[in-house]
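Engineer: Structure in structure tokens, see below.
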Amino acid sequence: MVYRYESAEDAFEENPRPGADLPLVQPGPTAPAGPSPSRFPAPSLPRTTRPAPPEADPVPIRSAVQVPAPTSAPQRSRSRRSGDARGGRLWQIAVGGAAVLMLLGLCGIGGALLLIDRTATDDPAQNGAAPTATVSTAPTDQAATGPLDSRDVDRQPLTVKEVFPDKTLVVGVDRHEYQVLKTQAGANCAVAATGEIADLLVTLGCSQVVRATLRSPDGDHLLTAGLLNLTDLATAQRVRERIRPLLDDRRGRFRGMPAGDDTESVATAAARVAWQVRGHYVAYCLVTRDDAGAVPAGDRDVREIIYDLIELHLDKGVLDRRAAGVSVDQPTARASGASATPSAGTRRTPTASPPGDDPDTDELPGD
């Protein structure tokens, strides 16, 4: 059941319609905002105060004009920082320079100690050892440099018996027989050349020349061939390189050795000459015509003579035996024997001392 309380106040209308019988009531004071008071009394409750929310920080307003901040304190701090940076940089430079100087000093001391040690070990007299002990006790060094690369190792001088042992020289498998007309061995290398070539040999320390004048198997050519004894391989190669420009400029020539009245052409006629280096030796051969005529550049007979004398006899014969350590006091095989010189088909190359390069050739004009 619903009870409703009715009162004349409930029928109040603020704006009655025209013609209504409702009494005019003046409006009273405005009711406070909020819920309408209840018709039934209710116990009054203590009113609680709600805490106010925290105020938000004001939003900064940017201005188009920037106001400079005071510069006195930042400038002092900036100058202090730059001064500290410069001081630290100078300190680093000083420390780095000192380290570099110490490193250079250590390198210099180490290099000086190495030089002192090397000088002490290289001097056999200071070490109390004979100079020959190094050669005899270090075969590996000798094999590396070759037994003919220096006069200090190959000390035994050449002899005529070693180079031109008989009156007939038999060469090659075809057994070409060369008649030995005259031989000569001496310490004056200038007799083997003229002009600046002779001066070159003397200046670079040539100590010996062993040569001979021979007649070719066909009898149409005269030749002078021999060996020049230089200091070492480097000196011999230097002589080889200097000979050609001197010949081309007509500032010297190899000299043939006359062996009698009918052999003057070997010293005066136009000639073909060839030279080759093997160790500290320079082998050479000068070929002329017996009738003092011109020698063509492509003459096959002349090329064969040069090959027989330089390549087969002097290089593969004389110097191969010397590199192998065959004593010159041993009896030399006779020219008629098959072993007088190695044949072209049985040429050998010693492992300790490589053979010389191909001989250089040139043309000599007649005097």
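If you're wondering about the labels, chains in the structure tokens are A, B, ... by order shown, residues count from 1 in each chain, ligands from 1 in order shown.
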Considering only alpha helix (DSSP H) as DSSP defines it on the backbone, what residues of stretch 112-332 of chain A qualify? List them as a ChimeraX atom specification.
Structural biologist: /A:112-122,124-127,131-137,139-145,160-163,195-203,233-248,265-268,300-306,320-323
Engineer: What's the 9 Å shell around A:Arg289, counting only C-alpha atoms, without same-chain residues fewer than 6 positions away, as a ChimeraX atom specification?
Structural biologist: /A:220-223,265-266,269-271,295
Engineer: Just the residues within 6 Å of stretch 243-257 of chain A, please, counting only C-alpha atoms, with nothing from its chain fewer than 5 positions along; format it as a ChimeraX atom specification.
Structural biologist: /A:192-197,224,266-267
Engineer: Please, what distance in Å, to one decimal, runs between atom CA of A:Ala112 and atom CA of A:Ala234?
Structural biologist: 28.9 Å
Engineer: Give me the residues within 10 Å of stretch 156-158 of chain A as number ranges by chain, counting only C-alpha atoms and dropping any in the same chain fewer than 3 places off.
Structural biologist: A: 151-153, 161-163, 185-186, 207-210, 227-229, 318, 322, 327-328
Engineer: Please report the interatomic distance between atom CA of A:Arg240 and atom CA of A:Cys206 in Å with one decimal.
Structural biologist: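 Between atom CA of A:Arg240 and atom CA of A:Cys206 the gap works out to 12.7 Å.
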Engineer: Excluding A:Asp315 and any residue of its chain fewer than 4 positions from it, enumerate the residues within 10 Å of it, using only C-alpha atoms, and give them as a count of residues only.
Structural biologist: 18
Engineer: Rounded to one decimal place, report the atom CA of A:Asp291-atom CA of A:Arg215 distance in Å.
Structural biologist: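 Between these atoms lies a distance of 12.4 Å.
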Engineer: Return the single residue from A:Ala323, A:Ala212, A:Leu181, A:Ala225 that is closest to A:Trp275, with distances computed using only C-alpha atoms.
Structural biologist: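 Checking each of A:Ala323, A:Ala212, A:Leu181, A:Ala225 against A:Trp275, counting only C-alpha atoms, the winner is A:Ala225.
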Engineer: Per DSSP on the backbone, what are the strand (DSSP E or B) residues of stretch 255-306 of chain A, as number ranges by chain?
Structural biologist: A: 271-278, 281-289
Engineer: So that I can check the surroundings of stretch 174-179 of chain A, please list as a list in words every protein, DNA and RNA residue that reaches within 8 Å of it, counting only C-alpha atoms and ignoring chain neighbours fewer than 3 positions away.
Structural biologist: Lys167, Thr168, Leu169, Val170, Val171, Leu214, Arg215, Ser216 and Pro217 of chain A
